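Below is one structure, written out as structure tokens, with a few remarks after it.
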Amino acid sequence: MALLREPLLAAARSERLRRLTERSAITRPVVNRFIAGSGEDDALRTTAELVGDGLTVTLDFLGEDTLSPEQAAHTVQAYRSVLAALASAGLAGSAEVSVKLSAIGQALPGDGEKIALEGARQICEAAAAAGTTVTCDMEDHTTTDSTLAIVSELRADFPWVGAVLQAYLKRTEGDCRDLSGPGSRIRLCKGAYAEPESVAFAGNAVEESYRRCLRVLFAGQGYPMVASHDPNMIAAARSLIAQHDRAPDSYEFQMLYGIRPTEQRALAAAGNRMRVYVPYGDEWYGYFMRRLAERPANLAFFLRSLASKK
Ligand code: FDA
């Protein structure tokens with residue numbers, strides 16, 4: 001499977017494959033295991049179901065690597081709209097949003113970073129009005145400095161803005177240290193992009209790094225968000241929670257929609273806050289390909305479903 005990871009992650013960035021796959025009627029039912037649906041109503045319905053099961057939610061309006069200012073503005077508007085809808089439905093206390101800065105213009109030539117900051121600010125204003133929070137996703141390592149700089153600017157006005165850190169990056173233990181101050185919301189994940197070994201660990205070293213980062217975050221004064229399906233990472237977090245006598249409202253676990261749903265409910269039933277990352281929208285290709293690259297069983301499920309449609 002390690003051999004397949006690189007080509008799948010390369011395919012995740014192919015514009016031609018994206019266009020072909022997103023339009024195919026065959027793939028959509030398979031994709032629906034990982035994605036709530038196309039529209040805001042699908043996002044709302046899924047959120048209500050998960051909240052009804054004792055879970056919390058972060059909604060992701062799918063899209064990345066936007067190269068048109070109009071598309072970036074459209075994405076900002078989609079977030080403002082879903083935040084207002086969450087508030088109207090009485091769900092904003094249990095659901096926030098996750099934003100990929102490349103979907104709101106970060107990669108646009110020239111003023112990209114400024115455009116993304118302005119768009120993120122508008123999303124944060126809508127979140128504040130709804131009474132919830134925003135977390136900025138982390139993309140490939142060439143964007144890390146820019147993303148952390150934007151998060152830092154946003155935090156001056158909205159101190160609850162969360163950031164994602166990726167344990168596979170060699171810099172991340174240091175970033176955890178810098179970002180473990182009071183109130184700092186840090187979502188720690190392993191990392192999902194193809195990265196060169198000059199900047200990233202591989203194999204077991206990723207898990208070792210994840211454990212070190214967890215230790216820094218739980219010893220700090222911030223709010224760690226443990227984003228992993230890996231039972232070993234979850235066990236490591238649980239032992240740190242006990243060691244630091246962390247109150248249940250001072251950290252949370254997070255998993256992706258459609259992955260280990262039984263474990264999600266078990267963690268919530270055991271008294272932990274458990275947040276499910278729920279993507280919705282039509283631009284599911286990059287997200288979906290990263291899920292295939294991550295786990296042989298996901299790829300096998302996809303291939304089996306395609307075969308059964310013949
Ligand atoms: P991994 O996939 O490495 O699995 C490890 C082990 O967990 C497996 O060997 C198996 O034992 C167990 N396991 C996993 N899935 C299972 C299943 N379905 N059933 C049974 N056992 C299973 N990445 C990124 O680069 N930027 C980002 O902003 C984000 N954001 C994000 C948010 C949230 C909430 C999550 C959960 C993840 C992300 N990610 C991410 C993705 C992340 O970086 C990573 O690619 C995936 O979570 C996969 O890594 P895991 O730690 O989950 O375990």
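As shown in the structure tokens, the chain order sets the letters A, B, ...; within each chain, residues go from 1, and ligands are also counted from 1 in the order they appear.
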
Practice task
Return as a ChimeraX atom specification every polymer residue, whether protein, DNA or RNA, with at least one atom no more than 7 Å from an atom of ligand 1; count only C-alpha atoms and all ligand atoms.
Solution key: /A:137-140,164,166,189-193,227-231,254-256,259-260,276-277,294-295

Those residues with N, CA and C atoms, as a PDB file, in the first residue's frame please?
```pdb
ATOM      1  N   ASP A 137      -7.841  24.452   8.319  1.00  0.00           N
ATOM      2  CA  ASP A 137      -7.159  23.216   7.941  1.00  0.00           C
ATOM      3  C   ASP A 137      -5.712  23.525   7.547  1.00  0.00           C
ATOM      4  N   MET A 138      -4.878  22.480   7.520  1.00  0.00           N
ATOM      5  CA  MET A 138      -3.501  22.667   7.061  1.00  0.00           C
ATOM      6  C   MET A 138      -3.292  21.850   5.798  1.00  0.00           C
ATOM      7  N   GLU A 139      -2.685  22.479   4.776  1.00  0.00           N
ATOM      8  CA  GLU A 139      -2.467  21.789   3.501  1.00  0.00           C
ATOM      9  C   GLU A 139      -0.976  21.452   3.365  1.00  0.00           C
ATOM     10  N   ASP A 140      -0.439  21.390   2.144  1.00  0.00           N
ATOM     11  CA  ASP A 140       0.937  20.895   2.029  1.00  0.00           C
ATOM     12  C   ASP A 140       1.943  21.864   2.656  1.00  0.00           C
ATOM     13  N   VAL A 164      -4.623  23.659  12.507  1.00  0.00           N
ATOM     14  CA  VAL A 164      -4.263  22.240  12.411  1.00  0.00           C
ATOM     15  C   VAL A 164      -2.745  22.139  12.314  1.00  0.00           C
ATOM     16  N   GLN A 166       0.417  19.168  11.679  1.00  0.00           N
ATOM     17  CA  GLN A 166       0.596  17.824  11.114  1.00  0.00           C
ATOM     18  C   GLN A 166       1.848  17.177  11.707  1.00  0.00           C
ATOM     19  N   CYS A 189      -3.115  16.295  13.718  1.00  0.00           N
ATOM     20  CA  CYS A 189      -3.343  15.125  12.853  1.00  0.00           C
ATOM     21  C   CYS A 189      -1.983  14.596  12.394  1.00  0.00           C
ATOM     22  N   LYS A 190      -1.980  13.452  11.709  1.00  0.00           N
ATOM     23  CA  LYS A 190      -0.699  12.925  11.210  1.00  0.00           C
ATOM     24  C   LYS A 190      -0.231  13.694   9.985  1.00  0.00           C
ATOM     25  N   GLY A 191      -1.161  14.068   9.101  1.00  0.00           N
ATOM     26  CA  GLY A 191      -0.802  14.760   7.854  1.00  0.00           C
ATOM     27  C   GLY A 191      -1.121  13.875   6.658  1.00  0.00           C
ATOM     28  N   ALA A 192      -1.697  14.475   5.605  1.00  0.00           N
ATOM     29  CA  ALA A 192      -2.280  13.682   4.520  1.00  0.00           C
ATOM     30  C   ALA A 192      -1.683  13.957   3.144  1.00  0.00           C
ATOM     31  N   TYR A 193      -0.629  14.767   3.045  1.00  0.00           N
ATOM     32  CA  TYR A 193      -0.118  15.136   1.718  1.00  0.00           C
ATOM     33  C   TYR A 193       1.200  14.394   1.434  1.00  0.00           C
ATOM     34  N   ALA A 227      -6.982  14.533  16.530  1.00  0.00           N
ATOM     35  CA  ALA A 227      -7.630  14.121  15.274  1.00  0.00           C
ATOM     36  C   ALA A 227      -6.923  12.886  14.729  1.00  0.00           C
ATOM     37  N   SER A 228      -7.443  11.718  15.072  1.00  0.00           N
ATOM     38  CA  SER A 228      -6.843  10.468  14.582  1.00  0.00           C
ATOM     39  C   SER A 228      -7.828   9.323  14.770  1.00  0.00           C
ATOM     40  N   HIS A 229      -7.752   8.351  13.837  1.00  0.00           N
ATOM     41  CA  HIS A 229      -8.538   7.122  13.986  1.00  0.00           C
ATOM     42  C   HIS A 229      -7.691   6.014  14.570  1.00  0.00           C
ATOM     43  N   ASP A 230      -6.427   6.318  14.817  1.00  0.00           N
ATOM     44  CA  ASP A 230      -5.451   5.297  15.207  1.00  0.00           C
ATOM     45  C   ASP A 230      -5.611   4.958  16.696  1.00  0.00           C
ATOM     46  N   PRO A 231      -5.960   3.696  17.013  1.00  0.00           N
ATOM     47  CA  PRO A 231      -6.180   3.335  18.422  1.00  0.00           C
ATOM     48  C   PRO A 231      -4.966   3.634  19.307  1.00  0.00           C
ATOM     49  N   GLN A 254     -11.330  13.873  17.608  1.00  0.00           N
ATOM     50  CA  GLN A 254     -11.962  14.181  16.325  1.00  0.00           C
ATOM     51  C   GLN A 254     -11.683  13.062  15.319  1.00  0.00           C
ATOM     52  N   MET A 255     -12.678  12.734  14.522  1.00  0.00           N
ATOM     53  CA  MET A 255     -12.495  11.763  13.433  1.00  0.00           C
ATOM     54  C   MET A 255     -13.259  12.238  12.207  1.00  0.00           C
ATOM     55  N   LEU A 256     -12.971  11.610  11.075  1.00  0.00           N
ATOM     56  CA  LEU A 256     -13.624  11.992   9.825  1.00  0.00           C
ATOM     57  C   LEU A 256     -14.956  11.253   9.671  1.00  0.00           C
ATOM     58  N   ILE A 259     -15.607   7.250   8.960  1.00  0.00           N
ATOM     59  CA  ILE A 259     -14.476   6.419   9.375  1.00  0.00           C
ATOM     60  C   ILE A 259     -14.592   6.098  10.875  1.00  0.00           C
ATOM     61  N   ARG A 260     -14.648   4.811  11.176  1.00  0.00           N
ATOM     62  CA  ARG A 260     -14.789   4.304  12.543  1.00  0.00           C
ATOM     63  C   ARG A 260     -16.000   4.940  13.296  1.00  0.00           C
ATOM     64  N   VAL A 276     -16.957  15.200  14.748  1.00  0.00           N
ATOM     65  CA  VAL A 276     -16.848  14.538  13.446  1.00  0.00           C
ATOM     66  C   VAL A 276     -16.660  15.604  12.372  1.00  0.00           C
ATOM     67  N   TYR A 277     -15.635  15.411  11.544  1.00  0.00           N
ATOM     68  CA  TYR A 277     -15.329  16.332  10.439  1.00  0.00           C
ATOM     69  C   TYR A 277     -16.193  15.924   9.254  1.00  0.00           C
ATOM     70  N   GLU A 294      -4.763   6.739   2.202  1.00  0.00           N
ATOM     71  CA  GLU A 294      -4.435   6.580   3.609  1.00  0.00           C
ATOM     72  C   GLU A 294      -4.584   5.142   4.077  1.00  0.00           C
ATOM     73  N   ARG A 295      -5.462   4.371   3.438  1.00  0.00           N
ATOM     74  CA  ARG A 295      -5.826   3.108   4.070  1.00  0.00           C
ATOM     75  C   ARG A 295      -6.250   2.084   3.019  1.00  0.00           C
TER      76      ARG A 295
END
```

Write out as JSON lines a residue-level contact list of region 48-68 of chain A versus region 79-88 of chain A with cut-off 10 Å: for each qualifying residue the closest pair of atoms and the distance in Å to one decimal, counting only C-alpha atoms, rows sorted by chain and residue number upward.
```
{"residue": "A:Ala48", "atom": "CA", "partner": "A:Leu86", "partner_atom": "CA", "distance": 9.5}
{"residue": "A:Leu59", "atom": "CA", "partner": "A:Val82", "partner_atom": "CA", "distance": 8.8}
{"residue": "A:Asp60", "atom": "CA", "partner": "A:Tyr79", "partner_atom": "CA", "distance": 8.6}
{"residue": "A:Phe61", "atom": "CA", "partner": "A:Tyr79", "partner_atom": "CA", "distance": 7.0}
```

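Between CA of Ala269 (chain A) and CA of Gly54 (chain A) the separation is 7.7 Å.
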
Practice task
Can you list, as a list in words, all residues belonging to region 180-247 of chain A that DSSP tags as helix (DSSP H, G or I)?
Solution key: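 DSSP on the backbone gives helix (DSSP H, G or I) at Asn204, Ala205, Val206, Glu207, Glu208, Ser209, Tyr210, Arg211, Arg212, Cys213, Leu214, Arg215, Val216, Leu217, Phe218, Ala219, Pro231, Asn232, Met233, Ile234, Ala235, Ala236, Ala237, Arg238, Ser239, Leu240, Ile241, Ala242 and Gln243 of chain A.
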
Determine which residues of region 53-282 of chain A DSSP labels as strand (DSSP E) from the backbone of this structure, then write them out as an mmCIF file with C-alpha atoms, in the first residue's frame.
```cif
data_model
loop_
_atom_site.group_PDB
_atom_site.id
_atom_site.type_symbol
_atom_site.label_atom_id
_atom_site.label_comp_id
_atom_site.auth_asym_id
_atom_site.auth_seq_id
_atom_site.Cartn_x
_atom_site.Cartn_y
_atom_site.Cartn_z
ATOM 1 C CA THR A 56 -20.270 17.359 17.769
ATOM 2 C CA VAL A 57 -19.429 18.416 14.207
ATOM 3 C CA THR A 58 -17.084 20.534 12.127
ATOM 4 C CA LEU A 59 -18.389 21.242 8.603
ATOM 5 C CA ASP A 60 -16.067 21.523 5.609
ATOM 6 C CA PHE A 61 -17.413 23.076 2.391
ATOM 7 C CA ALA A 95 -21.144 22.482 15.174
ATOM 8 C CA GLU A 96 -18.336 24.711 13.885
ATOM 9 C CA VAL A 97 -16.658 24.991 10.457
ATOM 10 C CA SER A 98 -13.259 23.966 9.052
ATOM 11 C CA VAL A 99 -11.760 26.061 6.254
ATOM 12 C CA VAL A 134 -13.651 28.233 12.969
ATOM 13 C CA THR A 135 -10.643 25.953 12.486
ATOM 14 C CA CYS A 136 -8.196 26.476 9.602
ATOM 15 C CA GLY A 162 -8.216 26.900 15.684
ATOM 16 C CA ALA A 163 -5.228 25.681 13.670
ATOM 17 C CA VAL A 164 -4.263 22.240 12.411
ATOM 18 C CA LEU A 165 -0.730 20.911 12.909
ATOM 19 C CA GLN A 166 0.596 17.824 11.114
ATOM 20 C CA ARG A 185 -7.190 25.368 19.891
ATOM 21 C CA ILE A 186 -4.851 22.974 18.077
ATOM 22 C CA ARG A 187 -6.091 20.053 15.987
ATOM 23 C CA LEU A 188 -3.237 17.540 15.807
ATOM 24 C CA CYS A 189 -3.343 15.125 12.853
ATOM 25 C CA TYR A 223 -7.253 23.065 24.012
ATOM 26 C CA PRO A 224 -5.847 19.961 22.238
ATOM 27 C CA MET A 225 -8.007 18.404 19.517
ATOM 28 C CA VAL A 226 -6.837 14.832 18.946
ATOM 29 C CA ALA A 227 -7.630 14.121 15.274
ATOM 30 C CA GLU A 252 -11.608 16.766 22.369
ATOM 31 C CA PHE A 253 -11.242 13.799 20.033
ATOM 32 C CA GLN A 254 -11.962 14.181 16.325
ATOM 33 C CA MET A 255 -12.495 11.763 13.433
ATOM 34 C CA LEU A 256 -13.624 11.992 9.825
ATOM 35 C CA MET A 274 -16.081 13.756 20.045
ATOM 36 C CA ARG A 275 -16.196 15.935 16.920
ATOM 37 C CA VAL A 276 -16.848 14.538 13.446
ATOM 38 C CA TYR A 277 -15.329 16.332 10.439
ATOM 39 C CA VAL A 278 -18.134 16.423 7.874
ATOM 40 C CA PRO A 279 -17.325 17.461 4.291
ATOM 41 C CA TYR A 280 -20.094 18.469 1.883
#
```

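Rounded to one decimal, CA of Val51 (chain A) and CA of Ala73 (chain A) lie 29.3 Å from each other.
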
Practice task
Tell me, as number ranges by chain, which residues lie within 7 Å of Gly131 (chain A), counting only C-alpha atoms; anything in the same chain fewer than 3 positions away does not count.
Solution key: A: 92-93, 127-128

Practice task
Find the residue from A:Ala126, A:Leu55, A:Leu217, A:Leu8 that sits nearest to Glu263 (chain A); use only C-alpha atoms when measuring.
Solution key: A:Leu55

Exercise for the section: Do a neighbour search on region 147-154 of chain A at 10 Å with only C-alpha atoms, toss out local chain neighbours closer than 3 positions, and write the hits as an MDAnalysis selection string. Expected result: chainID A and resid 100:102 106 113:114 116:118 120:121 124 135:139 141:144 157:165 175 179

Residues just named, written with N, CA and C atoms as an mmCIF file, in the first residue's frame:
```cif
data_model
loop_
_atom_site.group_PDB
_atom_site.id
_atom_site.type_symbol
_atom_site.label_atom_id
_atom_site.label_comp_id
_atom_site.auth_asym_id
_atom_site.auth_seq_id
_atom_site.Cartn_x
_atom_site.Cartn_y
_atom_site.Cartn_z
ATOM 1 N N LYS A 100 -10.297 25.406 4.424
ATOM 2 C CA LYS A 100 -9.003 25.308 3.739
ATOM 3 C C LYS A 100 -8.717 26.672 3.126
ATOM 4 N N LEU A 101 -7.615 27.303 3.550
ATOM 5 C CA LEU A 101 -7.352 28.661 3.072
ATOM 6 C C LEU A 101 -7.133 28.685 1.565
ATOM 7 N N SER A 102 -6.676 27.572 0.973
ATOM 8 C CA SER A 102 -6.492 27.564 -0.498
ATOM 9 C C SER A 102 -7.838 27.605 -1.214
ATOM 10 N N GLN A 106 -5.892 31.638 -1.021
ATOM 11 C CA GLN A 106 -4.503 31.713 -0.563
ATOM 12 C C GLN A 106 -3.499 31.521 -1.714
ATOM 13 N N GLU A 113 -2.646 35.800 -0.278
ATOM 14 C CA GLU A 113 -2.680 35.688 1.182
ATOM 15 C C GLU A 113 -3.640 36.731 1.794
ATOM 16 N N LYS A 114 -3.617 37.931 1.218
ATOM 17 C CA LYS A 114 -4.500 39.001 1.713
ATOM 18 C C LYS A 114 -5.971 38.659 1.464
ATOM 19 N N ALA A 116 -7.232 35.636 1.142
ATOM 20 C CA ALA A 116 -7.632 34.545 2.048
ATOM 21 C C ALA A 116 -7.876 35.082 3.457
ATOM 22 N N LEU A 117 -7.018 35.997 3.900
ATOM 23 C CA LEU A 117 -7.200 36.573 5.249
ATOM 24 C C LEU A 117 -8.530 37.329 5.325
ATOM 25 N N GLU A 118 -8.824 38.104 4.298
ATOM 26 C CA GLU A 118 -10.071 38.886 4.300
ATOM 27 C C GLU A 118 -11.290 37.951 4.294
ATOM 28 N N ALA A 120 -11.347 34.804 5.326
ATOM 29 C CA ALA A 120 -11.399 34.090 6.613
ATOM 30 C C ALA A 120 -12.000 34.989 7.684
ATOM 31 N N ARG A 121 -11.668 36.275 7.609
ATOM 32 C CA ARG A 121 -12.232 37.235 8.571
ATOM 33 C C ARG A 121 -13.767 37.283 8.468
ATOM 34 N N CYS A 124 -15.129 34.247 10.035
ATOM 35 C CA CYS A 124 -15.052 34.336 11.500
ATOM 36 C C CYS A 124 -16.154 35.258 12.042
ATOM 37 N N THR A 135 -11.993 26.531 12.458
ATOM 38 C CA THR A 135 -10.643 25.953 12.486
ATOM 39 C C THR A 135 -10.077 25.974 11.072
ATOM 40 N N CYS A 136 -8.833 26.450 10.933
ATOM 41 C CA CYS A 136 -8.196 26.476 9.602
ATOM 42 C C CYS A 136 -7.463 25.160 9.371
ATOM 43 N N ASP A 137 -7.841 24.452 8.319
ATOM 44 C CA ASP A 137 -7.159 23.216 7.941
ATOM 45 C C ASP A 137 -5.712 23.525 7.547
ATOM 46 N N MET A 138 -4.878 22.480 7.520
ATOM 47 C CA MET A 138 -3.501 22.667 7.061
ATOM 48 C C MET A 138 -3.292 21.850 5.798
ATOM 49 N N GLU A 139 -2.685 22.479 4.776
ATOM 50 C CA GLU A 139 -2.467 21.789 3.501
ATOM 51 C C GLU A 139 -0.976 21.452 3.365
ATOM 52 N N HIS A 141 3.174 21.393 2.886
ATOM 53 C CA HIS A 141 4.111 22.134 3.743
ATOM 54 C C HIS A 141 4.500 23.501 3.184
ATOM 55 N N THR A 142 4.290 23.720 1.881
ATOM 56 C CA THR A 142 4.650 25.036 1.334
ATOM 57 C C THR A 142 3.693 26.115 1.841
ATOM 58 N N THR A 143 2.576 25.702 2.434
ATOM 59 C CA THR A 143 1.587 26.685 2.912
ATOM 60 C C THR A 143 1.624 26.880 4.437
ATOM 61 N N THR A 144 2.458 26.099 5.132
ATOM 62 C CA THR A 144 2.375 26.113 6.607
ATOM 63 C C THR A 144 2.626 27.505 7.196
ATOM 64 N N ASP A 157 -8.340 39.130 16.670
ATOM 65 C CA ASP A 157 -9.748 39.546 16.808
ATOM 66 C C ASP A 157 -10.660 38.423 17.268
ATOM 67 N N PHE A 158 -10.285 37.183 16.901
ATOM 68 C CA PHE A 158 -11.137 36.018 17.213
ATOM 69 C C PHE A 158 -10.239 34.968 17.891
ATOM 70 N N PRO A 159 -10.005 35.098 19.201
ATOM 71 C CA PRO A 159 -8.993 34.251 19.866
ATOM 72 C C PRO A 159 -9.318 32.762 19.831
ATOM 73 N N TRP A 160 -10.543 32.421 19.444
ATOM 74 C CA TRP A 160 -10.960 31.019 19.417
ATOM 75 C C TRP A 160 -10.656 30.326 18.087
ATOM 76 N N VAL A 161 -10.043 31.024 17.141
ATOM 77 C CA VAL A 161 -9.758 30.375 15.844
ATOM 78 C C VAL A 161 -8.752 29.240 16.048
ATOM 79 N N GLY A 162 -9.078 28.066 15.516
ATOM 80 C CA GLY A 162 -8.216 26.900 15.684
ATOM 81 C C GLY A 162 -7.280 26.716 14.498
ATOM 82 N N ALA A 163 -6.171 26.012 14.747
ATOM 83 C CA ALA A 163 -5.228 25.681 13.670
ATOM 84 C C ALA A 163 -4.998 24.176 13.672
ATOM 85 N N VAL A 164 -4.623 23.659 12.507
ATOM 86 C CA VAL A 164 -4.263 22.240 12.411
ATOM 87 C C VAL A 164 -2.745 22.139 12.314
ATOM 88 N N LEU A 165 -2.167 21.217 13.058
ATOM 89 C CA LEU A 165 -0.730 20.911 12.909
ATOM 90 C C LEU A 165 -0.588 19.451 12.522
ATOM 91 N N ASP A 175 6.219 23.894 16.632
ATOM 92 C CA ASP A 175 4.978 24.675 16.445
ATOM 93 C C ASP A 175 4.001 24.399 17.595
ATOM 94 N N LEU A 179 2.395 27.114 20.133
ATOM 95 C CA LEU A 179 0.941 27.328 20.081
ATOM 96 C C LEU A 179 0.205 26.597 21.202
#
```

Could you name the residues that touch region 197-202 of chain A at 9 Å or less, counting only C-alpha atoms, but leaving out those on the same chain fewer than 3 positions away, as an mmCIF file with N, CA, C and O atoms, in the first residue's frame?
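Output (result-v7.cif):
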```
data_model
loop_
_atom_site.group_PDB
_atom_site.id
_atom_site.type_symbol
_atom_site.label_atom_id
_atom_site.label_comp_id
_atom_site.auth_asym_id
_atom_site.auth_seq_id
_atom_site.Cartn_x
_atom_site.Cartn_y
_atom_site.Cartn_z
ATOM 1 N N HIS A 141 3.174 21.393 2.886
ATOM 2 C CA HIS A 141 4.111 22.134 3.743
ATOM 3 C C HIS A 141 4.500 23.501 3.184
ATOM 4 O O HIS A 141 4.949 24.351 3.937
ATOM 5 N N ALA A 167 1.656 16.069 12.430
ATOM 6 C CA ALA A 167 2.777 15.442 13.145
ATOM 7 C C ALA A 167 3.864 14.934 12.194
ATOM 8 O O ALA A 167 5.011 14.775 12.605
ATOM 9 N N TYR A 168 3.534 14.698 10.912
ATOM 10 C CA TYR A 168 4.593 14.207 10.021
ATOM 11 C C TYR A 168 5.622 15.277 9.674
ATOM 12 O O TYR A 168 6.703 14.952 9.204
ATOM 13 N N LEU A 169 5.331 16.541 9.906
ATOM 14 C CA LEU A 169 6.326 17.578 9.613
ATOM 15 C C LEU A 169 7.334 17.686 10.763
ATOM 16 O O LEU A 169 6.949 17.710 11.937
ATOM 17 N N LYS A 170 8.609 17.779 10.393
ATOM 18 C CA LYS A 170 9.647 17.818 11.425
ATOM 19 C C LYS A 170 9.546 19.079 12.287
ATOM 20 O O LYS A 170 9.977 19.098 13.415
ATOM 21 N N ARG A 171 8.958 20.138 11.754
ATOM 22 C CA ARG A 171 8.859 21.399 12.486
ATOM 23 C C ARG A 171 7.756 21.387 13.552
ATOM 24 O O ARG A 171 7.693 22.274 14.402
ATOM 25 N N ALA A 205 8.125 6.865 12.478
ATOM 26 C CA ALA A 205 8.573 8.150 13.023
ATOM 27 C C ALA A 205 7.410 9.152 13.087
ATOM 28 O O ALA A 205 7.431 10.066 13.915
ATOM 29 N N VAL A 206 6.391 8.968 12.226
ATOM 30 C CA VAL A 206 5.231 9.885 12.277
ATOM 31 C C VAL A 206 4.483 9.671 13.597
ATOM 32 O O VAL A 206 4.102 10.622 14.281
ATOM 33 N N GLU A 207 4.302 8.399 13.954
ATOM 34 C CA GLU A 207 3.594 8.114 15.208
ATOM 35 C C GLU A 207 4.393 8.591 16.423
ATOM 36 O O GLU A 207 3.824 9.136 17.373
ATOM 37 N N SER A 209 6.420 11.084 16.469
ATOM 38 C CA SER A 209 6.269 12.537 16.500
ATOM 39 C C SER A 209 4.891 12.918 17.065
ATOM 40 O O SER A 209 4.764 13.860 17.862
#
```

Hey, what's within 12 Å of Glu70 (chain A) if we count only C-alpha atoms and toss same-chain stuff fewer than 4 positions away? As a compact mmCIF listing (two decimals) with all heavy atoms, in the first residue's frame, please?
```
# COMPACT_ATOMS: atom_id res chain seq x y z
N THR A 66 -8.09 26.89 -5.10
CA THR A 66 -8.90 27.77 -5.95
C THR A 66 -8.02 28.76 -6.70
O THR A 66 -7.18 29.42 -6.10
CB THR A 66 -9.88 28.57 -5.06
OG1 THR A 66 -10.71 27.63 -4.43
CG2 THR A 66 -10.71 29.53 -5.87
N HIS A 74 -17.24 32.80 -3.69
CA HIS A 74 -18.38 31.88 -3.60
C HIS A 74 -18.23 30.98 -2.36
O HIS A 74 -19.20 30.71 -1.63
CB HIS A 74 -18.43 31.04 -4.89
CG HIS A 74 -19.37 29.88 -4.83
ND1 HIS A 74 -20.74 30.03 -4.89
CD2 HIS A 74 -19.13 28.55 -4.68
CE1 HIS A 74 -21.30 28.84 -4.79
NE2 HIS A 74 -20.35 27.92 -4.66
N THR A 75 -16.99 30.50 -2.12
CA THR A 75 -16.75 29.62 -0.97
C THR A 75 -16.97 30.38 0.35
O THR A 75 -17.58 29.85 1.28
CB THR A 75 -15.32 29.04 -1.05
OG1 THR A 75 -15.23 28.29 -2.26
CG2 THR A 75 -15.00 28.14 0.13
N VAL A 76 -16.48 31.61 0.41
CA VAL A 76 -16.70 32.43 1.63
C VAL A 76 -18.21 32.56 1.87
O VAL A 76 -18.70 32.39 2.99
CB VAL A 76 -16.03 33.82 1.49
CG1 VAL A 76 -16.47 34.74 2.62
CG2 VAL A 76 -14.52 33.67 1.46
N GLN A 77 -18.94 32.82 0.80
CA GLN A 77 -20.39 33.01 0.92
C GLN A 77 -21.07 31.71 1.40
O GLN A 77 -21.98 31.73 2.24
CB GLN A 77 -20.96 33.47 -0.43
CG GLN A 77 -22.42 33.84 -0.41
CD GLN A 77 -22.83 34.69 0.80
OE1 GLN A 77 -22.09 35.59 1.22
NE2 GLN A 77 -23.97 34.37 1.39
N ALA A 103 -8.91 27.27 -0.52
CA ALA A 103 -10.24 27.34 -1.14
C ALA A 103 -10.78 28.77 -1.16
O ALA A 103 -11.73 29.07 -1.87
CB ALA A 103 -11.22 26.43 -0.40
N ILE A 104 -10.16 29.63 -0.34
CA ILE A 104 -10.66 31.02 -0.31
C ILE A 104 -9.57 31.99 -0.79
O ILE A 104 -9.55 33.14 -0.39
CB ILE A 104 -11.22 31.40 1.08
CG1 ILE A 104 -10.19 31.20 2.20
CG2 ILE A 104 -12.48 30.60 1.39
CD1 ILE A 104 -10.63 31.82 3.52
N GLY A 105 -8.68 31.47 -1.64
CA GLY A 105 -7.81 32.39 -2.39
C GLY A 105 -6.34 32.40 -2.02
O GLY A 105 -5.56 33.11 -2.67
N LEU A 108 -3.91 32.30 -4.88
CA LEU A 108 -4.03 33.24 -6.02
C LEU A 108 -2.75 34.04 -6.15
O LEU A 108 -2.15 34.45 -5.14
CB LEU A 108 -5.21 34.20 -5.78
CG LEU A 108 -6.60 33.58 -5.87
CD1 LEU A 108 -7.66 34.58 -5.40
CD2 LEU A 108 -6.89 33.14 -7.31
N ILE A 115 -6.22 38.09 0.27
CA ILE A 115 -7.60 37.73 -0.08
C ILE A 115 -8.11 36.63 0.87
O ILE A 115 -9.23 36.68 1.36
CB ILE A 115 -7.67 37.26 -1.56
CG1 ILE A 115 -7.40 38.45 -2.48
CG2 ILE A 115 -9.02 36.61 -1.89
CD1 ILE A 115 -7.17 38.08 -3.94
N GLY A 119 -11.21 36.88 3.45
CA GLY A 119 -12.31 35.92 3.40
C GLY A 119 -12.48 35.20 4.73
O GLY A 119 -13.60 35.01 5.22
```

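Using only C-alpha atoms, the nearest neighbour of Arg18 (chain A) within the list A:Ala129, A:Val30, A:Ala297, A:Met289 is A:Met289.
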
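As for CA of Leu214 (chain A) and CA of Ala156 (chain A), they are spaced 25.1 Å apart.
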
Need the shell around Pro182 (chain A): protein/DNA/RNA residues with any atom at most 8 Å away, counting only C-alpha atoms. Skip same-chain ones fewer than 2 positions apart. Format as a short mmCIF file (atom, residue, chain, number, x, y, z; two decimals) with N, CA, C and O atoms, in the first residue's frame?
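The resulting file, out35.cif, is reproduced below:
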```cif
data_model
loop_
_atom_site.label_atom_id
_atom_site.label_comp_id
_atom_site.auth_asym_id
_atom_site.auth_seq_id
_atom_site.Cartn_x
_atom_site.Cartn_y
_atom_site.Cartn_z
N SER A 180 0.87 26.42 22.34
CA SER A 180 0.19 25.70 23.42
C SER A 180 -0.20 26.63 24.58
O SER A 180 -0.39 26.19 25.70
N SER A 184 -5.52 28.20 23.25
CA SER A 184 -5.13 27.88 21.87
C SER A 184 -5.71 26.54 21.42
O SER A 184 -5.40 25.50 21.99
N GLY A 220 0.51 21.76 27.98
CA GLY A 220 0.31 23.20 27.80
C GLY A 220 -1.03 23.66 28.35
O GLY A 220 -1.75 22.92 29.02
N GLN A 221 -1.35 24.92 28.01
CA GLN A 221 -2.58 25.52 28.57
C GLN A 221 -3.68 25.65 27.52
O GLN A 221 -4.70 26.30 27.77
N GLY A 222 -3.44 25.08 26.36
CA GLY A 222 -4.41 25.22 25.28
C GLY A 222 -5.45 24.11 25.30
O GLY A 222 -5.60 23.38 26.29
N TYR A 223 -6.15 24.02 24.16
CA TYR A 223 -7.25 23.07 24.01
C TYR A 223 -6.85 22.08 22.91
O TYR A 223 -7.02 22.37 21.71
#
```

Fill in the blank from the handout: Of A:Arg238, A:Arg246, A:Arg5, A:Arg19, the one nearest to Leu267 (chain A) when counting only C-alpha atoms is A:Arg238

Handout entry: Residue nearest Gln264 (chain A) - candidates A:Asp282, A:Asp53, A:Glu6, A:Glu40, atoms counted: only C-alpha atoms
Key =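 Closest candidate: A:Asp53.
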